[in-house]
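Source file structure-v1.cif; content: mmCIF, C-alpha atoms.
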```cif
data_query
loop_
_atom_site.group_PDB
_atom_site.id
_atom_site.type_symbol
_atom_site.label_atom_id
_atom_site.label_comp_id
_atom_site.auth_asym_id
_atom_site.auth_seq_id
_atom_site.Cartn_x
_atom_site.Cartn_y
_atom_site.Cartn_z
ATOM 1 C CA MET A 1 -31.922 36.129 29.714
ATOM 2 C CA ASP A 2 -33.225 39.366 28.229
ATOM 3 C CA ALA A 3 -33.768 40.661 31.763
ATOM 4 C CA LEU A 4 -30.287 39.507 32.760
ATOM 5 C CA SER A 5 -28.840 41.258 29.725
ATOM 6 C CA ALA A 6 -30.609 44.484 30.631
ATOM 7 C CA LEU A 7 -29.474 44.176 34.247
ATOM 8 C CA THR A 8 -25.817 43.444 33.507
ATOM 9 C CA GLY A 9 -25.464 45.386 30.268
ATOM 10 C CA ILE A 10 -24.011 42.337 28.498
ATOM 11 C CA ASP A 11 -25.438 42.399 24.979
ATOM 12 C CA MET A 12 -24.395 38.821 24.303
ATOM 13 C CA LEU A 13 -27.002 37.523 26.764
ATOM 14 C CA GLY A 14 -29.777 39.321 24.883
ATOM 15 C CA SER A 15 -28.856 37.835 21.524
ATOM 16 C CA PRO A 16 -31.401 35.198 20.366
ATOM 17 C CA PHE A 17 -28.502 33.364 18.727
ATOM 18 C CA MET A 18 -26.624 33.030 22.019
ATOM 19 C CA GLN A 19 -29.773 32.293 23.987
ATOM 20 C CA ARG A 20 -30.353 29.240 21.802
ATOM 21 C CA ALA A 21 -26.701 28.261 22.181
ATOM 22 C CA TYR A 22 -26.897 28.510 25.973
ATOM 23 C CA LEU A 23 -30.122 26.497 25.998
ATOM 24 C CA ALA A 24 -28.444 23.788 23.934
ATOM 25 C CA ALA A 25 -25.397 23.871 26.223
ATOM 26 C CA VAL A 26 -27.514 23.447 29.354
ATOM 27 C CA CYS A 27 -29.432 20.541 27.801
ATOM 28 C CA ILE A 28 -26.248 18.782 26.652
ATOM 29 C CA ALA A 29 -24.632 19.248 30.058
ATOM 30 C CA LEU A 30 -27.660 17.644 31.705
ATOM 31 C CA ILE A 31 -28.252 14.571 29.572
ATOM 32 C CA GLY A 32 -24.591 13.846 28.731
ATOM 33 C CA PRO A 33 -23.424 12.986 32.269
ATOM 34 C CA LEU A 34 -26.846 11.559 33.134
ATOM 35 C CA VAL A 35 -26.357 8.775 30.607
ATOM 36 C CA GLY A 36 -22.561 8.813 30.631
ATOM 37 C CA SER A 37 -22.465 7.894 34.324
ATOM 38 C CA PHE A 38 -23.934 4.485 33.518
ATOM 39 C CA LEU A 39 -21.648 3.994 30.521
ATOM 40 C CA VAL A 40 -18.447 4.851 32.390
ATOM 41 C CA HIS A 41 -19.227 2.509 35.282
ATOM 42 C CA ARG A 42 -20.012 -0.253 32.784
ATOM 43 C CA GLU A 43 -16.714 0.361 30.996
ATOM 44 C CA MET A 44 -18.559 1.243 27.770
ATOM 45 C CA ALA A 45 -17.491 4.867 27.586
ATOM 46 C CA MET A 46 -16.471 4.607 23.932
ATOM 47 C CA ILE A 47 -19.985 3.709 22.804
ATOM 48 C CA GLY A 48 -20.576 7.462 22.564
ATOM 49 C CA ASP A 49 -17.817 7.778 19.987
ATOM 50 C CA THR A 50 -19.199 4.803 18.073
ATOM 51 C CA LEU A 51 -22.709 6.210 17.953
ATOM 52 C CA ALA A 52 -21.365 9.640 17.021
ATOM 53 C CA HIS A 53 -19.780 8.145 13.909
ATOM 54 C CA SER A 54 -23.052 6.347 13.243
ATOM 55 C CA ALA A 55 -24.868 9.658 13.530
ATOM 56 C CA PHE A 56 -22.357 11.076 11.038
ATOM 57 C CA ALA A 57 -23.499 8.414 8.582
ATOM 58 C CA GLY A 58 -27.096 9.423 9.311
ATOM 59 C CA VAL A 59 -26.368 13.095 8.649
ATOM 60 C CA ALA A 60 -24.580 12.174 5.425
ATOM 61 C CA ALA A 61 -27.570 10.068 4.390
ATOM 62 C CA GLY A 62 -29.965 12.934 5.035
ATOM 63 C CA LEU A 63 -27.853 15.444 3.109
ATOM 64 C CA PHE A 64 -27.343 12.929 0.296
ATOM 65 C CA VAL A 65 -31.091 12.368 -0.075
ATOM 66 C CA ASN A 66 -31.704 16.112 -0.064
ATOM 67 C CA ALA A 67 -29.075 16.697 -2.757
ATOM 68 C CA ALA A 68 -29.892 13.691 -4.955
ATOM 69 C CA PHE A 69 -33.694 13.772 -4.883
ATOM 70 C CA ALA A 70 -34.405 17.456 -4.260
ATOM 71 C CA VAL A 71 -36.396 16.746 -1.101
ATOM 72 C CA THR A 72 -36.137 18.148 2.404
ATOM 73 C CA VAL A 73 -35.194 15.604 5.037
ATOM 74 C CA PRO A 74 -33.924 16.962 8.383
ATOM 75 C CA PRO A 75 -30.376 15.593 8.845
ATOM 76 C CA LEU A 76 -30.964 15.362 12.598
ATOM 77 C CA LEU A 77 -33.877 13.006 11.969
ATOM 78 C CA THR A 78 -31.833 10.652 9.801
ATOM 79 C CA ALA A 79 -28.956 10.899 12.292
ATOM 80 C CA LEU A 80 -31.266 9.883 15.131
ATOM 81 C CA ILE A 81 -32.659 6.928 13.183
ATOM 82 C CA VAL A 82 -29.252 5.636 12.104
ATOM 83 C CA ALA A 83 -27.698 6.153 15.549
ATOM 84 C CA GLY A 84 -30.636 4.351 17.183
ATOM 85 C CA VAL A 85 -30.295 1.393 14.833
ATOM 86 C CA ALA A 86 -26.533 1.344 15.440
ATOM 87 C CA ALA A 87 -27.080 1.369 19.208
ATOM 88 C CA LEU A 88 -29.348 -1.663 19.000
ATOM 89 C CA LEU A 89 -26.901 -3.363 16.627
ATOM 90 C CA VAL A 90 -24.021 -2.913 19.065
ATOM 91 C CA GLN A 91 -26.065 -4.368 21.891
ATOM 92 C CA THR A 92 -27.229 -7.255 19.699
ATOM 93 C CA LEU A 93 -23.648 -8.106 18.759
ATOM 94 C CA VAL A 94 -22.687 -8.122 22.431
ATOM 95 C CA ASP A 95 -25.685 -10.152 23.616
ATOM 96 C CA TYR A 96 -26.214 -12.655 20.821
ATOM 97 C CA ALA A 97 -23.215 -12.758 18.499
ATOM 98 C CA GLY A 98 -20.731 -13.469 21.267
ATOM 99 C CA ALA A 99 -18.544 -10.577 20.175
ATOM 100 C CA TYR A 100 -16.441 -8.699 22.665
ATOM 101 C CA ARG A 101 -17.714 -5.222 23.453
ATOM 102 C CA ASP A 102 -14.725 -3.373 22.052
ATOM 103 C CA THR A 103 -14.888 -5.513 18.908
ATOM 104 C CA SER A 104 -18.578 -4.694 18.446
ATOM 105 C CA LEU A 105 -17.917 -0.997 18.902
ATOM 106 C CA ALA A 106 -15.048 -1.081 16.404
ATOM 107 C CA ILE A 107 -17.148 -2.883 13.787
ATOM 108 C CA VAL A 108 -20.057 -0.455 14.022
ATOM 109 C CA LEU A 109 -17.809 2.628 14.280
ATOM 110 C CA THR A 110 -15.717 1.877 11.214
ATOM 111 C CA GLY A 111 -18.673 0.608 9.226
ATOM 112 C CA SER A 112 -20.749 3.700 9.946
ATOM 113 C CA PHE A 113 -17.934 6.098 9.137
ATOM 114 C CA ALA A 114 -17.271 4.189 5.930
ATOM 115 C CA VAL A 115 -20.887 4.589 4.859
ATOM 116 C CA GLY A 116 -20.768 8.304 5.658
ATOM 117 C CA SER A 117 -17.565 8.861 3.717
ATOM 118 C CA VAL A 118 -18.960 7.009 0.681
ATOM 119 C CA LEU A 119 -22.118 9.135 0.714
ATOM 120 C CA VAL A 120 -20.096 12.354 0.986
ATOM 121 C CA THR A 121 -17.946 11.452 -2.025
ATOM 122 C CA ALA A 122 -20.906 10.086 -4.021
ATOM 123 C CA THR A 123 -22.106 13.643 -4.649
ATOM 124 C CA ASP A 124 -18.680 14.843 -5.829
ATOM 125 C CA GLY A 125 -18.204 16.608 -2.514
ATOM 126 C CA GLY A 126 -21.401 18.600 -2.878
ATOM 127 C CA ILE A 127 -22.504 17.930 0.682
ATOM 128 C CA ALA A 128 -19.040 18.244 2.229
ATOM 129 C CA VAL A 129 -19.587 21.869 3.190
ATOM 130 C CA GLY A 130 -22.890 21.100 4.894
ATOM 131 C CA ILE A 131 -21.459 18.191 6.833
ATOM 132 C CA ASN A 132 -18.443 20.061 8.204
ATOM 133 C CA ALA A 133 -20.595 21.745 10.849
ATOM 134 C CA TYR A 134 -21.703 18.338 12.121
ATOM 135 C CA LEU A 135 -18.143 17.018 12.146
ATOM 136 C CA PHE A 136 -16.698 19.815 14.253
ATOM 137 C CA GLY A 137 -19.777 21.424 15.783
ATOM 138 C CA SER A 138 -20.938 24.979 15.355
ATOM 139 C CA LEU A 139 -23.028 27.472 17.265
ATOM 140 C CA ALA A 140 -24.539 28.524 13.939
ATOM 141 C CA THR A 141 -26.300 25.151 13.582
ATOM 142 C CA VAL A 142 -28.446 25.787 16.676
ATOM 143 C CA SER A 143 -31.591 27.151 15.066
ATOM 144 C CA ARG A 144 -34.905 27.677 16.806
ATOM 145 C CA ALA A 145 -36.161 24.342 15.473
ATOM 146 C CA SER A 146 -33.035 22.392 16.453
ATOM 147 C CA ALA A 147 -33.064 23.963 19.919
ATOM 148 C CA ALA A 148 -36.680 22.842 20.362
ATOM 149 C CA ILE A 149 -35.764 19.328 19.186
ATOM 150 C CA LEU A 150 -32.845 19.187 21.610
ATOM 151 C CA LEU A 151 -35.093 20.332 24.457
ATOM 152 C CA ALA A 152 -37.568 17.550 23.609
ATOM 153 C CA MET A 153 -34.704 15.042 23.488
ATOM 154 C CA SER A 154 -33.511 16.215 26.898
ATOM 155 C CA VAL A 155 -36.952 15.713 28.395
ATOM 156 C CA PHE A 156 -37.145 12.237 26.831
ATOM 157 C CA VAL A 157 -33.736 11.188 28.149
ATOM 158 C CA THR A 158 -34.348 12.609 31.630
ATOM 159 C CA LEU A 159 -37.732 10.893 31.941
ATOM 160 C CA GLY A 160 -36.295 7.640 30.602
ATOM 161 C CA VAL A 161 -33.423 7.593 33.100
ATOM 162 C CA THR A 162 -35.719 8.627 35.958
ATOM 163 C CA ALA A 163 -38.278 5.915 35.198
ATOM 164 C CA ALA A 164 -35.673 3.158 34.874
ATOM 165 C CA TYR A 165 -33.126 4.475 37.370
ATOM 166 C CA ARG A 166 -33.127 1.599 39.878
ATOM 167 C CA PRO A 167 -32.993 -1.225 37.304
ATOM 168 C CA LEU A 168 -30.289 0.612 35.349
ATOM 169 C CA VAL A 169 -28.174 0.982 38.485
ATOM 170 C CA TYR A 170 -28.719 -2.687 39.341
ATOM 171 C CA VAL A 171 -27.739 -3.817 35.844
ATOM 172 C CA THR A 172 -24.756 -1.444 35.795
ATOM 173 C CA PHE A 173 -23.159 -2.668 39.019
ATOM 174 C CA ASP A 174 -24.352 -6.289 39.191
ATOM 175 C CA GLU A 175 -25.584 -7.651 35.882
ATOM 176 C CA ILE A 176 -25.464 -11.256 37.054
ATOM 177 C CA GLY A 177 -27.492 -10.411 40.157
ATOM 178 C CA ALA A 178 -29.977 -8.475 38.039
ATOM 179 C CA ARG A 179 -30.529 -11.510 35.838
ATOM 180 C CA ALA A 180 -30.959 -13.700 38.893
ATOM 181 C CA ALA A 181 -33.520 -11.234 40.251
ATOM 182 C CA GLY A 182 -35.589 -11.622 37.091
ATOM 183 C CA LEU A 183 -34.824 -8.264 35.473
ATOM 184 C CA SER A 184 -34.803 -8.099 31.693
ATOM 185 C CA VAL A 185 -31.155 -7.116 31.400
ATOM 186 C CA THR A 186 -31.255 -7.115 27.606
ATOM 187 C CA ARG A 187 -34.155 -4.672 27.570
ATOM 188 C CA TYR A 188 -32.422 -2.245 29.917
ATOM 189 C CA ASN A 189 -29.185 -2.540 27.954
ATOM 190 C CA GLN A 190 -31.085 -1.640 24.810
ATOM 191 C CA LEU A 191 -32.777 1.263 26.579
ATOM 192 C CA LEU A 192 -29.429 2.646 27.684
ATOM 193 C CA ALA A 193 -28.048 2.261 24.160
ATOM 194 C CA VAL A 194 -30.989 4.142 22.640
ATOM 195 C CA LEU A 195 -30.748 6.910 25.246
ATOM 196 C CA THR A 196 -27.058 7.221 24.411
ATOM 197 C CA ALA A 197 -27.925 7.595 20.737
ATOM 198 C CA VAL A 198 -30.383 10.385 21.559
ATOM 199 C CA VAL A 199 -27.746 12.194 23.643
ATOM 200 C CA VAL A 200 -25.155 11.870 20.893
ATOM 201 C CA VAL A 201 -27.426 13.256 18.183
ATOM 202 C CA GLY A 202 -28.526 16.128 20.398
ATOM 203 C CA ALA A 203 -24.989 17.063 21.433
ATOM 204 C CA MET A 204 -23.645 16.714 17.912
ATOM 205 C CA GLN A 205 -24.937 20.164 16.942
ATOM 206 C CA ILE A 206 -22.477 21.952 19.217
ATOM 207 C CA MET A 207 -19.874 19.314 20.040
ATOM 208 C CA GLY A 208 -19.494 17.773 16.607
ATOM 209 C CA VAL A 209 -19.068 14.094 15.758
ATOM 210 C CA ILE A 210 -15.397 14.079 16.717
ATOM 211 C CA LEU A 211 -15.836 15.478 20.239
ATOM 212 C CA VAL A 212 -19.347 14.437 21.237
ATOM 213 C CA ALA A 213 -18.124 11.575 23.444
ATOM 214 C CA GLY A 214 -16.433 14.159 25.660
ATOM 215 C CA MET A 215 -19.667 15.128 27.396
ATOM 216 C CA LEU A 216 -20.412 11.493 28.139
ATOM 217 C CA VAL A 217 -17.053 10.782 29.752
ATOM 218 C CA ILE A 218 -15.024 13.763 30.993
ATOM 219 C CA PRO A 219 -17.531 15.287 33.484
ATOM 220 C CA VAL A 220 -18.207 11.805 34.860
ATOM 221 C CA ALA A 221 -14.477 11.226 35.298
ATOM 222 C CA ALA A 222 -14.230 14.538 37.157
ATOM 223 C CA ALA A 223 -16.958 13.412 39.573
ATOM 224 C CA THR A 224 -15.664 9.940 40.417
ATOM 225 C CA THR A 225 -14.426 11.094 43.832
ATOM 226 C CA ALA A 226 -17.960 11.903 44.976
ATOM 227 C CA ARG A 227 -19.383 9.459 47.511
ATOM 228 C CA GLY A 228 -22.326 7.489 46.185
ATOM 229 C CA PHE A 229 -23.632 7.099 42.650
ATOM 230 C CA LYS A 230 -26.334 9.767 42.904
ATOM 231 C CA ARG A 231 -23.896 12.332 44.217
ATOM 232 C CA SER A 232 -21.440 11.509 41.459
ATOM 233 C CA VAL A 233 -24.164 12.052 38.848
ATOM 234 C CA VAL A 234 -25.068 15.429 40.352
ATOM 235 C CA ALA A 235 -21.405 16.426 40.509
ATOM 236 C CA ALA A 236 -20.881 15.328 36.899
ATOM 237 C CA VAL A 237 -23.838 17.412 35.728
ATOM 238 C CA ALA A 238 -22.508 20.422 37.642
ATOM 239 C CA ALA A 239 -19.063 20.014 36.061
ATOM 240 C CA ALA A 240 -20.629 19.663 32.627
ATOM 241 C CA GLN A 241 -22.770 22.776 33.113
ATOM 242 C CA PHE A 242 -19.687 24.808 33.978
ATOM 243 C CA ALA A 243 -17.767 23.401 31.000
ATOM 244 C CA THR A 244 -20.499 23.953 28.420
ATOM 245 C CA ILE A 245 -21.549 27.431 29.528
ATOM 246 C CA THR A 246 -17.946 28.588 29.867
ATOM 247 C CA GLY A 247 -17.002 26.938 26.587
ATOM 248 C CA VAL A 248 -19.873 28.487 24.636
ATOM 249 C CA THR A 249 -19.063 31.916 26.069
ATOM 250 C CA MET A 250 -15.378 31.632 25.174
ATOM 251 C CA ALA A 251 -16.192 30.291 21.710
ATOM 252 C CA TYR A 252 -18.364 33.344 21.042
ATOM 253 C CA LEU A 253 -15.908 35.880 22.467
ATOM 254 C CA PHE A 254 -12.817 34.491 20.716
ATOM 255 C CA ASP A 255 -14.537 33.141 17.587
ATOM 256 C CA VAL A 256 -13.243 29.580 18.004
ATOM 257 C CA ALA A 257 -14.839 26.143 17.734
ATOM 258 C CA ALA A 258 -17.426 25.618 20.452
ATOM 259 C CA GLY A 259 -17.000 21.853 20.733
ATOM 260 C CA GLY A 260 -13.247 22.001 21.140
ATOM 261 C CA THR A 261 -13.480 24.819 23.670
ATOM 262 C CA ILE A 262 -16.052 22.959 25.754
ATOM 263 C CA VAL A 263 -13.929 19.793 25.818
ATOM 264 C CA LEU A 264 -10.808 21.742 26.806
ATOM 265 C CA VAL A 265 -12.676 23.442 29.661
ATOM 266 C CA ALA A 266 -14.037 20.064 30.776
ATOM 267 C CA ILE A 267 -10.521 18.600 30.766
ATOM 268 C CA ALA A 268 -9.303 21.594 32.784
ATOM 269 C CA VAL A 269 -12.057 20.926 35.339
ATOM 270 C CA TYR A 270 -11.048 17.256 35.504
ATOM 271 C CA LEU A 271 -7.388 18.141 36.042
ATOM 272 C CA ALA A 272 -8.261 20.747 38.685
ATOM 273 C CA VAL A 273 -10.404 18.247 40.590
ATOM 274 C CA THR A 274 -7.708 15.578 40.350
ATOM 275 C CA VAL A 275 -5.001 17.921 41.653
ATOM 276 C CA ALA A 276 -7.262 19.205 44.448
ATOM 277 C CA VAL A 277 -8.171 15.678 45.576
ATOM 278 C CA ARG A 278 -4.550 14.531 45.614
ATOM 279 C CA ALA A 279 -3.469 17.666 47.463
ATOM 280 C CA ARG A 280 -6.186 17.129 50.070
ATOM 281 C CA ARG A 281 -5.162 13.516 50.540
ATOM 282 C CA SER A 282 -1.518 14.514 50.907
ATOM 283 C CA VAL A 283 -2.409 17.125 53.537
ATOM 284 C CA GLY A 284 -4.584 14.620 55.363
ATOM 285 C CA GLN A 285 -1.805 12.041 55.320
ATOM 286 C CA MET A 286 0.690 14.570 56.668
ATOM 287 C CA ARG A 287 -1.676 15.556 59.488
ATOM 288 C CA SER A 288 -2.322 11.954 60.440
ATOM 289 C CA ASN A 289 1.394 11.231 60.515
ATOM 290 C CA HIS A 290 1.993 14.334 62.635
ATOM 291 C CA ARG A 291 -0.689 13.369 65.140
ATOM 292 C CA ALA A 292 0.334 9.741 65.384
ATOM 293 C CA PRO A 293 1.818 8.929 68.850
ATOM 294 C CA ALA A 294 5.475 8.042 69.075
ATOM 295 C CA PRO A 295 6.132 4.310 69.279
ATOM 296 C CA VAL A 296 6.578 2.981 72.803
ATOM 297 C CA SER A 297 10.023 1.597 73.430
ATOM 298 C CA THR A 298 10.204 -2.001 74.623
ATOM 299 C CA ASP A 299 13.712 -1.558 76.031
ATOM 300 C CA ARG A 300 13.485 -1.822 79.835
ATOM 301 C CA GLY A 301 16.938 -0.490 80.344
ATOM 302 C CA ASP A 302 18.002 -3.624 82.278
ATOM 303 C CA ASP A 303 21.807 -3.433 82.603
ATOM 304 C CA THR A 304 22.295 -6.294 85.058
ATOM 305 C CA ASP A 305 24.945 -8.851 84.203
#
```
Kindly present the structure from the file in structure tokens form.
Amino acid sequence: MDALSALTGIDMLGSPFMQRAYLAAVCIALIGPLVGSFLVHREMAMIGDTLAHSAFAGVAAGLFVNAAFAVTVPPLLTALIVAGVAALLVQTLVDYAGAYRDTSLAIVLTGSFAVGSVLVTATDGGIAVGINAYLFGSLATVSRASAAILLAMSVFVTLGVTAAYRPLVYVTFDEIGARAAGLSVTRYNQLLAVLTAVVVVGAMQIMGVILVAGMLVIPVAAATTARGFKRSVVAAVAAAQFATITGVTMAYLFDVAAGGTIVLVAIAVYLAVTVAVRARRSVGQMRSNHRAPAPVSTDRGDDTD
């Protein structure tokens, strides 16, 4: 990017701060739709929001420990641990407790956010300032260390999805058939839940807890018209890359929240794709109607008495 900055004369591209932000944006735009594609087709899109609130509790726990015991615990580490446990808890409630999926998500979401809010107020608001960046996202939180962690998370998620791609697709579209074929459906459900937790914690730095589910859902929704699951995943990643890179750039230029800007760009992409698809279908329908042959009359014109 330094070479690109020198070539184009755009100083922003040569800034280490923005280079880390762009790296984080690219990573989020890759792993978000990669995992979100499975969630959307399984009608579990809101698990991202649930795990984001669980990660909020993890961040609050990390900041609380740092403030109360004068130690240094990375909030991203505690967020990852809590979100991972929450992901397994959601799947356990679905598989073994007989709870409906939306009920399980609601229980874990509200419980996690309750824990986080209690920890924030337990220090008389002392950690409220530190946690605001995780609630709403901020480019300033993307340090060299956090960028490296996010890159490692992206590699982990990509390798995990690649290694288990076929079983995950099978379980996603035909869970009963997957069980009949001898696949460990519970294990793959748990794997997907843990991968979702990793994505949520990684994206939380820029997107924030409130908006992190956007990268799991909106680009995937924009790519639903693509033929075939693989093509839809590729299209979703492409849409997410455009949204995150454009959003980060606009957030820097206009000094606005990065997470909100990225989500708004992603929604604009979704709306543009939807309008374009409907317009194409309307044009195709008009052409087919225009080319259709006129109906043959069955009247023989017999005027005999």
Which residues are close to Asn189 (chain A), i.e. within 10 Å by only C-alpha atoms, leaving aside same-chain residues fewer than 6 positions away? Reply as an mmCIF file with C-alpha atoms, in the frame of the given file.
```cif
data_model
loop_
_atom_site.group_PDB
_atom_site.id
_atom_site.type_symbol
_atom_site.label_atom_id
_atom_site.label_comp_id
_atom_site.auth_asym_id
_atom_site.auth_seq_id
_atom_site.Cartn_x
_atom_site.Cartn_y
_atom_site.Cartn_z
ATOM 1 C CA ALA A 87 -27.080 1.369 19.208
ATOM 2 C CA LEU A 88 -29.348 -1.663 19.000
ATOM 3 C CA GLN A 91 -26.065 -4.368 21.891
ATOM 4 C CA THR A 92 -27.229 -7.255 19.699
ATOM 5 C CA ASP A 95 -25.685 -10.152 23.616
ATOM 6 C CA LEU A 168 -30.289 0.612 35.349
ATOM 7 C CA VAL A 171 -27.739 -3.817 35.844
ATOM 8 C CA THR A 172 -24.756 -1.444 35.795
ATOM 9 C CA LEU A 195 -30.748 6.910 25.246
#
```
Write out as a list in words which residues come within 9 Å of Met18 (chain A) when counting only C-alpha atoms, dropping same-chain ones fewer than 4 positions away.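 Result of the neighbour search: Met12, Leu13, Gly14, Tyr22, Leu23, Leu139, Val248, Thr249 and Tyr252 of chain A.
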Which residues are near region 201-216 of chain A? Cut-off 6 Å, only C-alpha atoms, ignore same chain within fewer than 5 positions. Put them as an MDAnalysis selection string. chainID A and resid 28 32:33 36 48:49 52 80 134:139 150 259
Distance query Val26 (chain A) at most 10 Å, only C-alpha atoms, self and fewer than 2 positions along chain excluded, as a PyMOL selection string: chain A and resi 20-24+28-31+151+154+237+240-245
Determine the residue set returned by the PyMOL selection byres ((chain A and resi 90) around 12) for the present structure, and present it as a PyMOL selection string. chain A and resi 44+46-48+50-51+54+83-89+91-109+111-112+186+189-190+192-194+196-197
Using CA of Ser232 (chain A) and CA of Phe38 (chain A) as the two end points, give the distance in Å to one decimal.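 Atom-to-atom, CA of Ser232 (chain A) to CA of Phe38 (chain A), that is 10.9 Å.
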Which residue, A:Thr78, A:Thr225, A:Leu34, A:Arg144, has the smallest gap to Ala276 (chain A) when you use only C-alpha atoms?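 Nearest to Ala276 (chain A): A:Thr225.
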Just give me the gap between CA of Arg166 (chain A) and CA of Val35 (chain A) in Å, one decimal is fine. 13.5 Å
When the PyMOL selection byres ((chain A and resi 114-118) around 8) is applied to the structure above, which residues does it catch, written out as a ChimeraX atom specification? /A:56-61,110-113,119-122
For Ala268 (chain A), work out the shell of residues within 12 Å, counting only C-alpha atoms and skipping chain neighbours fewer than 2 positions away, then give it as a list in words.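 Here the answer would be Ile218, Pro219, Ala221, Ala222, Ala239, Ala240, Phe242, Ala243, Thr246, Gly247, Thr261, Ile262, Val263, Leu264, Val265, Ala266, Tyr270, Leu271, Ala272, Val273, Thr274 and Val275 of chain A.
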Around all listed atoms of region 220-235 of chain A, padded 6 Å per side, what centre and edge lengths does the axis-aligned box have in Å to one decimal, as AutoDock Vina command-line options?
```
--center_x -20.3 --center_y 11.8 --center_z 41.2 --size_x 24.1 --size_y 21.3 --size_z 24.7
```
By how many Å are CA of Val220 (chain A) and CA of Ser37 (chain A) apart?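 Pair CA of Val220 (chain A) / CA of Ser37 (chain A) returns 5.8 Å.
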Given all atoms listed in the file as the counted atoms, nearest of A:Thr224, A:Thr123, A:Thr141, A:Ser146 to Leu77 (chain A): A:Ser146
